[in-house]
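Below is entry-v6.txt, holding compact mmCIF, C-alpha atoms.
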# COMPACT_ATOMS: atom_id res chain seq x y z
CA MET A 290 55.99 236.86 124.28
CA HIS A 291 55.83 240.51 123.47
CA GLN A 292 57.34 242.71 120.87
CA VAL A 293 57.97 246.41 121.10
CA ALA A 294 56.87 248.71 118.28
CA ASP A 295 57.32 252.38 117.58
CA VAL A 296 54.09 253.61 116.03
CA GLU A 297 53.55 256.95 114.35
CA VAL A 298 50.44 258.77 115.57
CA ALA A 299 50.91 262.21 113.95
CA LYS A 300 47.65 263.49 115.33
CA ASN A 301 47.28 267.22 115.71
CA ILE A 302 45.04 267.84 118.70
CA MET A 303 44.25 271.36 117.48
CA ASP A 304 43.09 270.08 114.08
CA ALA A 305 39.79 268.78 115.39
CA ASN A 306 38.79 272.27 116.51
CA LYS A 307 40.04 273.89 113.30
CA ARG A 308 38.03 271.45 111.17
CA LEU A 309 34.87 272.18 113.15
CA ALA A 310 35.53 275.93 112.94
CA ASP A 311 35.79 275.65 109.15
CA LYS A 312 32.53 273.71 109.13
CA ASN A 313 30.81 276.41 111.23
CA LEU A 314 32.03 279.10 108.86
CA LYS A 315 30.84 277.16 105.81
CA ASN A 316 27.47 276.57 107.46
CA LEU A 317 27.11 280.32 108.16
CA GLU A 318 28.24 281.37 104.70
CA GLU A 319 25.80 279.03 103.00
CA LYS A 320 23.08 280.97 104.76
CA ASP A 321 24.69 284.33 104.05
CA ILE A 322 25.16 285.06 107.76
CA PHE A 323 27.93 287.29 109.10
CA CYS A 324 29.48 286.14 112.37
CA VAL A 325 31.25 288.29 114.96
CA ASP A 326 33.02 286.79 117.94
CA PHE A 327 33.58 288.90 121.07
CA VAL A 328 36.36 288.03 123.46
CA GLY A 329 37.55 289.88 126.56
CA ALA A 330 37.95 289.61 130.30
CA ILE A 331 35.17 289.21 132.83
CA GLY A 332 33.49 292.60 133.26
CA SER A 333 35.03 294.24 130.21
CA GLY A 334 31.60 295.06 128.78
CA LYS A 335 31.04 292.31 126.20
CA THR A 336 27.41 291.65 127.10
CA THR A 337 26.57 295.36 127.18
CA LEU A 338 28.14 295.76 123.76
CA VAL A 339 26.08 292.86 122.39
CA GLU A 340 22.93 294.45 123.84
CA GLU A 341 23.77 297.84 122.32
CA ILE A 342 24.40 296.35 118.87
CA ILE A 343 21.05 294.53 119.01
CA ASP A 344 19.21 297.71 120.07
CA ASN A 345 20.92 300.04 117.62
CA THR A 346 20.89 298.08 114.35
CA ASP A 347 18.20 296.51 112.19
CA TYR A 348 20.02 293.24 111.63
CA LYS A 349 18.28 290.00 112.41
CA ILE A 350 20.71 288.87 115.08
CA GLY A 351 21.05 285.58 116.90
CA VAL A 352 23.40 285.25 119.87
CA LEU A 353 25.50 282.45 121.32
CA ALA A 354 26.27 283.54 124.88
CA GLY A 355 29.20 281.68 126.42
CA ASP A 356 29.41 281.38 130.17
CA VAL A 357 31.27 278.97 132.41
CA ILE A 358 28.28 277.86 134.50
CA SER A 359 25.69 280.63 134.70
CA LYS A 360 22.85 281.76 132.45
CA PHE A 361 22.98 285.43 133.39
CA ASP A 362 24.31 286.74 130.07
CA ALA A 363 21.88 284.68 127.99
CA GLY A 364 19.06 285.93 130.22
CA ARG A 365 20.10 289.56 129.76
CA ILE A 366 20.28 289.23 125.99
CA GLU A 367 16.95 287.38 125.78
CA LYS A 368 15.21 290.52 127.04
CA HIS A 369 16.13 292.22 123.74
CA ASP A 370 13.82 289.86 121.81
CA VAL A 371 16.48 288.04 119.83
CA PRO A 372 17.08 284.30 119.72
CA VAL A 373 19.84 283.40 122.14
CA VAL A 374 21.48 280.12 123.06
CA GLY A 375 23.48 279.96 126.28
CA LEU A 376 26.62 277.88 125.97
CA ASN A 377 27.93 276.60 129.30
CA THR A 378 31.50 275.38 129.14
CA GLY A 379 31.25 273.79 132.59
CA LYS A 380 34.90 273.46 133.46
CA GLU A 381 36.56 275.04 130.47
CA CYS A 382 37.90 278.54 130.12
CA HIS A 383 36.94 279.11 126.48
CA LEU A 384 34.35 278.31 123.85
CA ASP A 385 35.42 275.84 121.19
CA ALA A 386 34.14 275.21 117.68
CA HIS A 387 32.34 272.06 118.78
CA LEU A 388 30.16 273.90 121.32
CA VAL A 389 29.55 276.71 118.83
CA GLY A 390 28.52 274.17 116.17
CA HIS A 391 25.86 272.77 118.50
CA GLY A 392 24.80 276.28 119.45
CA LEU A 393 24.29 277.15 115.78
CA GLU A 394 22.01 274.11 115.44
CA ASP A 395 19.74 275.66 118.06
CA LEU A 396 19.53 279.10 116.40
CA PRO A 397 16.93 279.77 113.66
CA LEU A 398 19.64 280.43 111.07
CA ASP A 399 17.19 280.78 108.17
CA ASP A 400 15.78 283.90 109.84
CA LEU A 401 19.11 285.55 110.68
CA ASP A 402 21.66 287.71 108.97
CA MET A 403 24.12 288.03 111.84
CA VAL A 404 25.33 285.73 114.59
CA ILE A 405 27.16 287.21 117.56
CA ILE A 406 29.25 284.90 119.72
CA GLU A 407 30.13 286.12 123.19
CA ASN A 408 33.04 284.09 124.50
CA VAL A 409 33.74 283.21 128.13
CA GLY A 410 35.50 286.04 130.00
CA ASN A 411 39.18 285.29 129.40
CA LEU A 412 42.03 286.97 127.52
CA ILE A 413 44.19 283.87 127.20
CA CYS A 414 42.58 280.56 126.24
CA PRO A 415 40.26 281.71 123.42
CA VAL A 416 43.42 282.44 121.41
CA ASP A 417 43.88 278.73 120.70
CA PHE A 418 40.33 278.14 119.50
CA ASP A 419 38.95 279.41 116.21
CA LEU A 420 35.18 279.36 116.27
CA GLY A 421 34.43 279.99 112.60
CA SER A 422 33.60 283.69 112.86
CA HIS A 423 34.40 286.32 110.23
CA LEU A 424 35.55 288.98 112.69
CA ARG A 425 37.06 288.76 116.16
CA ILE A 426 36.65 291.78 118.42
CA VAL A 427 38.47 291.94 121.75
CA VAL A 428 36.89 294.16 124.41
CA VAL A 429 39.15 295.51 127.15
CA SER A 430 38.16 298.10 129.76
CA VAL A 431 40.42 300.71 131.31
CA THR A 432 39.33 299.45 134.73
CA GLU A 433 41.32 296.27 134.14
CA GLY A 434 44.46 298.41 134.31
CA ASP A 435 46.26 300.11 131.45
CA ASP A 436 48.90 297.36 131.31
CA THR A 437 46.30 294.76 130.36
CA VAL A 438 47.00 295.01 126.62
CA GLU A 439 50.76 294.57 126.87
CA LYS A 440 50.31 291.73 129.35
CA HIS A 441 48.15 289.69 126.95
CA PRO A 442 49.85 290.19 123.58
CA ILE A 443 48.57 287.21 121.68
CA ILE A 444 44.85 287.92 121.88
CA PHE A 445 45.54 291.43 120.53
CA GLN A 446 47.78 290.06 117.79
CA THR A 447 45.11 287.62 116.65
CA SER A 448 42.02 289.85 116.85
CA ASP A 449 40.75 292.16 114.10
CA VAL A 450 39.37 294.95 116.29
CA VAL A 451 39.99 296.11 119.85
CA VAL A 452 37.40 298.11 121.78
CA ILE A 453 38.91 299.98 124.71
CA ASN A 454 35.87 300.43 126.89
CA LYS A 455 34.85 302.51 129.92
CA VAL A 456 37.17 305.36 128.95
CA ASP A 457 34.96 307.67 131.04
CA LEU A 458 36.38 305.90 134.11
CA ALA A 459 40.04 306.20 133.14
CA ASP A 460 40.82 309.12 135.45
CA ALA A 461 38.94 307.55 138.36
CA VAL A 462 41.03 304.37 138.18
CA GLY A 463 44.27 306.09 137.18
CA ALA A 464 44.48 304.42 133.77
CA ASP A 465 45.86 305.88 130.55
CA ALA A 466 43.55 304.82 127.69
CA ASP A 467 45.97 306.19 125.08
CA LYS A 468 48.70 303.88 126.38
CA MET A 469 46.35 300.96 125.75
CA VAL A 470 45.72 302.24 122.22
CA ALA A 471 49.46 302.54 121.58
CA ASP A 472 50.16 299.08 123.03
CA ALA A 473 47.51 297.47 120.83
CA GLN A 474 48.85 299.21 117.72
CA LYS A 475 52.40 298.23 118.55
CA LEU A 476 51.44 294.58 119.02
CA ASN A 477 49.25 294.47 115.93
CA PRO A 478 49.76 297.26 113.41
CA LYS A 479 46.70 296.03 111.50
CA ILE A 480 44.25 296.07 114.39
CA LYS A 481 41.43 298.62 114.35
CA VAL A 482 41.29 300.43 117.69
CA ILE A 483 38.09 302.04 119.01
CA LYS A 484 37.78 303.86 122.32
CA SER A 485 34.34 303.61 123.85
CA SER A 486 32.16 304.34 126.82
CA LEU A 487 29.15 302.17 126.19
CA LYS A 488 27.41 303.63 129.22
CA GLU A 489 27.56 307.05 127.56
CA GLY A 490 27.04 305.82 124.01
CA VAL A 491 30.55 306.83 122.95
CA GLY A 492 32.17 304.70 120.26
CA LEU A 493 29.15 302.52 119.52
CA ASP A 494 28.56 304.02 116.05
CA GLU A 495 32.17 303.35 115.11
CA ILE A 496 31.96 299.76 116.34
CA ILE A 497 28.80 299.13 114.30
CA GLN A 498 30.35 300.81 111.27
CA THR A 499 33.45 298.62 111.61
CA ILE A 500 31.34 295.47 111.72
CA GLU A 501 29.42 296.65 108.64
CA GLU A 502 32.63 297.36 106.74
CA ALA A 503 33.86 293.84 107.48
CA MET A 504 30.50 292.48 106.47
CA ASN A 505 30.69 294.19 103.06
CA ASN A 506 34.24 293.12 102.33
CA MET B 23 44.93 277.20 130.78
CA HIS B 24 43.02 274.46 128.97
CA GLU B 25 45.39 271.59 129.61
CA LEU B 26 42.51 269.31 130.65
CA SER B 27 40.78 269.28 127.26
CA MET B 28 44.14 269.01 125.49
CA ALA B 29 45.12 266.08 127.70
CA GLN B 30 41.87 264.31 126.92
CA GLY B 31 42.47 264.79 123.19
CA ILE B 32 46.01 263.45 123.54
CA ILE B 33 44.91 260.38 125.48
CA ASN B 34 42.14 259.62 122.98
CA ALA B 35 44.66 259.81 120.12
CA VAL B 36 47.15 257.56 121.93
CA LEU B 37 44.62 254.93 122.99
CA GLU B 38 43.01 254.86 119.55
CA THR B 39 46.35 254.20 117.86
CA ALA B 40 47.31 251.69 120.56
CA GLU B 41 44.09 249.77 120.06
CA THR B 42 44.44 249.72 116.26
CA ASN B 43 47.89 248.20 116.74
CA ASN B 44 46.74 245.62 119.31
CA ALA B 45 48.93 247.11 122.00
CA THR B 46 48.90 245.60 125.46
CA GLU B 47 50.84 248.50 126.89
CA VAL B 48 52.00 251.98 125.85
CA THR B 49 55.49 252.57 127.21
CA GLU B 50 56.35 255.91 125.66
CA VAL B 51 54.47 258.88 124.18
CA THR B 52 56.06 261.80 122.36
CA ILE B 53 54.08 265.01 122.16
CA GLU B 54 55.07 268.07 120.17
CA VAL B 55 53.98 271.34 121.74
CA GLY B 56 54.05 274.52 119.67
CA ARG B 57 56.11 277.29 121.21
CA LEU B 58 53.10 279.57 120.77
CA ALA B 59 50.36 277.24 122.03
CA MET B 60 48.85 278.60 125.22
CA ILE B 61 49.79 275.41 127.02
CA ASN B 62 52.21 274.83 129.84
CA PRO B 63 53.90 271.41 129.34
CA GLU B 64 54.36 270.98 133.10
CA GLN B 65 50.66 271.44 133.77
CA LEU B 66 49.88 269.22 130.80
CA GLN B 67 52.13 266.50 132.19
CA PHE B 68 50.47 266.77 135.60
CA ILE B 69 46.94 266.40 134.26
CA LEU B 70 48.00 263.63 131.88
CA GLY B 71 49.35 261.73 134.86
CA VAL B 72 45.96 261.92 136.55
CA LEU B 73 43.93 260.94 133.50
CA ILE B 74 46.01 257.94 132.41
CA GLU B 75 45.53 256.04 135.66
CA ASN B 76 44.03 252.62 135.01
CA THR B 77 44.66 252.73 131.26
CA ILE B 78 47.23 250.82 129.22
CA MET B 79 49.30 254.01 129.06
CA GLU B 80 49.43 254.30 132.85
CA ASP B 81 53.21 253.75 133.03
CA ALA B 82 54.14 255.49 129.79
CA LYS B 83 57.05 257.88 129.74
CA VAL B 84 55.85 261.16 128.26
CA ASN B 85 58.34 263.15 126.17
CA PHE B 86 57.74 266.71 125.07
CA GLU B 87 59.33 268.26 122.00
CA GLU B 88 58.98 271.90 121.05
CA ILE B 89 57.70 273.04 117.66
CA PRO B 90 59.43 276.34 116.83
CA ALA B 91 57.46 279.40 115.75
CA GLU B 92 57.56 280.03 112.01
CA ILE B 93 56.20 283.21 110.49
CA GLU B 94 55.63 285.17 107.34
CA CYS B 95 56.36 288.88 107.76
CA HIS B 96 53.74 291.26 106.34
CA ASP B 97 56.30 294.04 106.03
CA CYS B 98 59.34 292.40 104.44
CA ASP B 99 57.96 289.02 103.25
CA PHE B 100 60.49 287.05 105.33
CA GLN B 101 59.46 283.44 105.83
CA GLY B 102 61.01 281.25 108.49
CA GLU B 103 61.71 280.95 112.16
CA ALA B 104 60.59 283.92 114.21
CA VAL B 105 62.48 285.83 116.84
CA LEU B 106 60.74 285.33 120.16
CA ASP B 107 61.08 288.18 122.59
CA ASP B 108 60.27 286.77 126.00
CA SER B 109 62.17 289.37 127.98
CA ASP B 110 59.03 290.37 129.82
CA HIS B 111 56.47 287.81 128.68
CA TYR B 112 56.21 284.08 129.29
CA ALA B 113 54.09 283.97 126.14
CA PRO B 114 56.62 285.56 123.82
CA LEU B 115 56.15 288.38 121.37
CA VAL B 116 56.60 287.08 117.86
CA LYS B 117 58.88 289.24 115.74
CA CYS B 118 60.37 289.14 112.27
CA PRO B 119 64.12 288.41 112.60
CA LYS B 120 64.88 290.50 109.51
CA CYS B 121 63.02 293.77 110.08
CA ASP B 122 61.81 293.47 113.71
CA SER B 123 58.18 293.90 112.66
CA LEU B 124 55.41 292.53 114.86
CA SER B 125 53.08 292.43 111.86
CA VAL B 126 53.52 288.77 111.08
CA GLU B 127 51.43 285.75 110.26
CA VAL B 128 52.17 282.65 112.28
CA LEU B 129 52.64 279.69 109.94
CA ASN B 130 53.66 277.12 112.51
CA GLY B 131 54.11 276.79 116.26
CA LYS B 132 50.56 276.86 117.62
CA ASP B 133 49.79 273.16 117.43
CA ILE B 134 49.80 270.26 119.85
CA VAL B 135 50.71 267.05 118.01
CA VAL B 136 50.88 263.48 119.29
CA LYS B 137 53.93 262.44 117.30
CA ASN B 138 54.46 258.78 118.09
CA ILE B 139 54.08 256.10 120.72
CA VAL B 140 56.08 253.05 121.72
CA ILE B 141 53.91 250.04 122.45
CA GLU B 142 54.19 246.46 123.53
CA LYS B 143 52.09 243.91 121.73
CA PRO B 144 51.81 240.14 121.50
CA ASP B 145 54.21 238.48 119.07
CA ASP B 146 51.59 236.88 116.91
CA THR B 147 49.74 240.05 115.81
Let's see the structure in the file written out as structure tokens.
Amino acid sequence: MHQVADVEVAKNIMDANKRLADKNLKNLEEKDIFCVDFVGAIGSGKTTLVEEIIDNTDYKIGVLAGDVISKFDAGRIEKHDVPVVGLNTGKECHLDAHLVGHGLEDLPLDDLDMVIIENVGNLICPVDFDLGSHLRIVVVSVTEGDDTVEKHPIIFQTSDVVVINKVDLADAVGADADKMVADAQKLNPKIKVIKSSLKEGVGLDEIIQTIEEAMNN
Amino acid sequence: MHELSMAQGIINAVLETAETNNATEVTEVTIEVGRLAMINPEQLQFILGVLIENTIMEDAKVNFEEIPAEIECHDCDFQGEAVLDDSDHYAPLVKCPKCDSLSVEVLNGKDIVVKNIVIEKPDDT
């Protein structure tokens, strides 16, 4: 004989990630470490930006480099003599707080004052996953097309800063960088917008200054 | 885009509750999906169907309910259900219904919640 029962589960699947993100943040704050999380599409310039920040500041930086299956980004960053942990997501399209938590265990946190997380190249999925960072910067390049910002509203609504990169190539690819600026500001009136050409060193100072302002707040 | 990891989380939650309640079979599962979660219920249903093979929830009917988007407006302090402009986006723009501002904080509507399950269990437990 069987009986049928209606059982409440009330389990929020997103809560597990949020709890781990809070734990990561607490862990970082206990060690007085500032954490920046870079998101953006494949080829937007995230890794180059991480390299430039390492080379042009005196912070003791550790990096968590997210990649679906490869180690290329971690290998590039390693050459700048900073501790780096490559995080392979395998089949997933985003980093989550669980992977980041394990990555933090492998960084020498006692010797660091900044952790940079480079997410997997994707403008969609990272939206759902807090990692425990203090500042989220989305990097988008003009070569992705100047409708990229309006096509991916939520990542721009939930990030603190947007870097519009490769502006030196805008004419060559027929993109209007100012449209991307306007779209980002329309979607998120609070977002800080910085136009950059990392290849030419344009915008880097402003990006570093923005990170420092967030750090001191 | 990350339906697989969500589906695994859902199945773990269902099977855990089923086991605690000595279920022999799960016949129904109700999942609440936030209107703003970057999840497509159809894709979620598809991957769930693959992952539940050979489990006690194999034949469960899966129901989806939508959690509406609730916001607090930074400009006019409105709190409540947002206006969702999906005229040219599948993932809608979230707007304040009172002043049309896009400068809003999302209070609710991003979560995926396993709400309840219907199970069969032996009479004497």
With 7 Å as the limit and counting only C-alpha atoms, what residues in chain B lie close to chain A? Please list them as an mmCIF file with C-alpha atoms, keeping the file's coordinate frame.
data_model
loop_
_atom_site.group_PDB
_atom_site.id
_atom_site.type_symbol
_atom_site.label_atom_id
_atom_site.label_comp_id
_atom_site.auth_asym_id
_atom_site.auth_seq_id
_atom_site.Cartn_x
_atom_site.Cartn_y
_atom_site.Cartn_z
ATOM 1 C CA MET B 23 44.930 277.200 130.780
ATOM 2 C CA HIS B 24 43.020 274.460 128.970
ATOM 3 C CA MET B 28 44.140 269.010 125.490
ATOM 4 C CA GLY B 31 42.470 264.790 123.190
ATOM 5 C CA ILE B 32 46.010 263.450 123.540
ATOM 6 C CA ALA B 35 44.660 259.810 120.120
ATOM 7 C CA THR B 39 46.350 254.200 117.860
ATOM 8 C CA ALA B 59 50.360 277.240 122.030
ATOM 9 C CA MET B 60 48.850 278.600 125.220
ATOM 10 C CA LEU B 115 56.150 288.380 121.370
ATOM 11 C CA LEU B 124 55.410 292.530 114.860
ATOM 12 C CA SER B 125 53.080 292.430 111.860
ATOM 13 C CA ASP B 133 49.790 273.160 117.430
ATOM 14 C CA ILE B 134 49.800 270.260 119.850
ATOM 15 C CA VAL B 135 50.710 267.050 118.010
ATOM 16 C CA VAL B 136 50.880 263.480 119.290
ATOM 17 C CA LYS B 137 53.930 262.440 117.300
ATOM 18 C CA ASN B 138 54.460 258.780 118.090
ATOM 19 C CA ILE B 139 54.080 256.100 120.720
ATOM 20 C CA VAL B 140 56.080 253.050 121.720
ATOM 21 C CA ILE B 141 53.910 250.040 122.450
ATOM 22 C CA GLU B 142 54.190 246.460 123.530
ATOM 23 C CA LYS B 143 52.090 243.910 121.730
ATOM 24 C CA PRO B 144 51.810 240.140 121.500
ATOM 25 C CA ASP B 145 54.210 238.480 119.070
#
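Across the structure, atom CA of Val450 of chain A and atom CA of Glu340 of chain A are spaced 18.1 Å apart.
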>> Could you check the closest approach to Ala82 of chain B for each of B:Val36, B:Val55, B:Ile61, B:Val126 and tell me which residue wins, using all atoms listed in the file?
In response: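 Residue with the minimum atom-to-atom distance to Ala82 of chain B: B:Val36.
Among B:Glu25, B:Asp81, B:Glu92, B:Asp97, the residue with the shortest atom-to-atom distance to Thr49 of chain B, counting only C-alpha atoms, is B:Asp81.
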> Near Val105 of chain B, counting all atoms listed in the file, which residues have an atom at most 8 Å away, once you skip same-chain residues fewer than 4 positions from it, shown as number ranges by chain?
Replying inline: B: 116-119
> In Å to one decimal, how far is atom CA of Leu129 of chain B from atom CA of Gly355 of chain A?
Replying inline: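 Pair atom CA of Gly355 of chain A / atom CA of Leu129 of chain B returns 28.7 Å.
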>> What's the separation between atom CA of Glu41 of chain B and atom CA of Ile78 of chain B, in Å to one decimal place?
In response: 9.7 Å
>> Using all atoms listed in the file, can you tell me which of A:Gly329, A:Gly421, A:Gly410, A:Pro397 comes closest to Leu309 of chain A?
In response: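 Ranking A:Gly329, A:Gly421, A:Gly410, A:Pro397 by distance to Leu309 of chain A, first place goes to A:Gly421.
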> Which one of B:Glu54, B:Leu26, B:Ala40, B:Gln101 sits closest to Phe68 of chain B if you count all atoms listed in the file?
Replying inline: B:Leu26
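By chain and then residue number, the residues within 12 Å of Asn313 of chain A are A:Asn306, A:Lys307, A:Arg308, A:Leu309, A:Leu317, A:Glu318, A:Glu319, A:Lys320, A:Ile322, A:Phe323, A:Cys324, A:Asp385, A:Ala386, A:His387, A:Leu388, A:Val389, A:Gly390, A:His391, A:Gly392, A:Leu393, A:Glu394, A:Leu398, A:Val404, A:Asp419, A:Leu420, A:Gly421, A:Ser422, A:His423, counting all atoms listed in the file and disregarding those fewer than 4 positions away in sequence.
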> Looking at only C-alpha atoms, which of A:Val482, A:Leu376, A:Ile343, A:Ala330 is the one that sits closest to Asp449 of chain A?
Replying inline: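 Among the listed residues, the smallest separation from Asp449 of chain A belongs to A:Val482.
If only C-alpha atoms are the atoms counted, then among A:Val352, A:Met403, A:Val451, A:Ile366 the closest residue to Ala471 of chain A is A:Val451.
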>> Around (43.7, 308.1, 129.5), as given in the file, which residues come within 12 Å? Count all atoms listed in the file and list them as a ChimeraX atom specification.
In response: /A:430-432,434-435,453-471,484-485
Save out the residues we just selected, C-alpha atoms, as an mmCIF file, in the coordinates of the input.
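Written out: selection02.cif:
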data_model
loop_
_atom_site.group_PDB
_atom_site.id
_atom_site.type_symbol
_atom_site.label_atom_id
_atom_site.label_comp_id
_atom_site.auth_asym_id
_atom_site.auth_seq_id
_atom_site.Cartn_x
_atom_site.Cartn_y
_atom_site.Cartn_z
ATOM 1 C CA SER A 430 38.160 298.100 129.760
ATOM 2 C CA VAL A 431 40.420 300.710 131.310
ATOM 3 C CA THR A 432 39.330 299.450 134.730
ATOM 4 C CA GLY A 434 44.460 298.410 134.310
ATOM 5 C CA ASP A 435 46.260 300.110 131.450
ATOM 6 C CA ILE A 453 38.910 299.980 124.710
ATOM 7 C CA ASN A 454 35.870 300.430 126.890
ATOM 8 C CA LYS A 455 34.850 302.510 129.920
ATOM 9 C CA VAL A 456 37.170 305.360 128.950
ATOM 10 C CA ASP A 457 34.960 307.670 131.040
ATOM 11 C CA LEU A 458 36.380 305.900 134.110
ATOM 12 C CA ALA A 459 40.040 306.200 133.140
ATOM 13 C CA ASP A 460 40.820 309.120 135.450
ATOM 14 C CA ALA A 461 38.940 307.550 138.360
ATOM 15 C CA VAL A 462 41.030 304.370 138.180
ATOM 16 C CA GLY A 463 44.270 306.090 137.180
ATOM 17 C CA ALA A 464 44.480 304.420 133.770
ATOM 18 C CA ASP A 465 45.860 305.880 130.550
ATOM 19 C CA ALA A 466 43.550 304.820 127.690
ATOM 20 C CA ASP A 467 45.970 306.190 125.080
ATOM 21 C CA LYS A 468 48.700 303.880 126.380
ATOM 22 C CA MET A 469 46.350 300.960 125.750
ATOM 23 C CA VAL A 470 45.720 302.240 122.220
ATOM 24 C CA ALA A 471 49.460 302.540 121.580
ATOM 25 C CA LYS A 484 37.780 303.860 122.320
ATOM 26 C CA SER A 485 34.340 303.610 123.850
#
Need to verify the contact set: Leu58 of chain B, 6 Å, all atoms listed in the file, exclusion of same-chain residues closer than 2 positions in sequence. Can you return it as a PDB file with C-alpha atoms, in the coordinates of the input?
ATOM      1  CA  GLY B  56      54.050 274.520 119.670  1.00  0.00           C
ATOM      2  CA  GLY B 131      54.110 276.790 116.260  1.00  0.00           C
ATOM      3  CA  LYS B 132      50.560 276.860 117.620  1.00  0.00           C
TER       4      LYS B 132
END
>> as JSON, numbers by chain, please: the residues near Leu493 of chain A (cut-off 10 Å, only C-alpha atoms, same-chain neighbours under 3 positions excluded).
In response: {"A": [338, 341, 342, 345, 452, 483, 484, 485, 486, 487, 488, 489, 490, 496, 497, 498, 499]}
Those selected residues, please, written with C-alpha atoms and delivered as an mmCIF file, in the coordinates of the input.
data_model
loop_
_atom_site.group_PDB
_atom_site.id
_atom_site.type_symbol
_atom_site.label_atom_id
_atom_site.label_comp_id
_atom_site.auth_asym_id
_atom_site.auth_seq_id
_atom_site.Cartn_x
_atom_site.Cartn_y
_atom_site.Cartn_z
ATOM 1 C CA LEU A 338 28.140 295.760 123.760
ATOM 2 C CA GLU A 341 23.770 297.840 122.320
ATOM 3 C CA ILE A 342 24.400 296.350 118.870
ATOM 4 C CA ASN A 345 20.920 300.040 117.620
ATOM 5 C CA VAL A 452 37.400 298.110 121.780
ATOM 6 C CA ILE A 483 38.090 302.040 119.010
ATOM 7 C CA LYS A 484 37.780 303.860 122.320
ATOM 8 C CA SER A 485 34.340 303.610 123.850
ATOM 9 C CA SER A 486 32.160 304.340 126.820
ATOM 10 C CA LEU A 487 29.150 302.170 126.190
ATOM 11 C CA LYS A 488 27.410 303.630 129.220
ATOM 12 C CA GLU A 489 27.560 307.050 127.560
ATOM 13 C CA GLY A 490 27.040 305.820 124.010
ATOM 14 C CA ILE A 496 31.960 299.760 116.340
ATOM 15 C CA ILE A 497 28.800 299.130 114.300
ATOM 16 C CA GLN A 498 30.350 300.810 111.270
ATOM 17 C CA THR A 499 33.450 298.620 111.610
#
All residues 8 Å or closer to Val128 of chain B, all atoms listed in the file, same chain fewer than 5 positions away omitted, as an mmCIF file with C-alpha atoms, keeping the file's coordinate frame:
data_model
loop_
_atom_site.group_PDB
_atom_site.id
_atom_site.type_symbol
_atom_site.label_atom_id
_atom_site.label_comp_id
_atom_site.auth_asym_id
_atom_site.auth_seq_id
_atom_site.Cartn_x
_atom_site.Cartn_y
_atom_site.Cartn_z
ATOM 1 C CA ALA B 91 57.460 279.400 115.750
ATOM 2 C CA GLU B 92 57.560 280.030 112.010
ATOM 3 C CA ILE B 93 56.200 283.210 110.490
ATOM 4 C CA GLU B 94 55.630 285.170 107.340
#
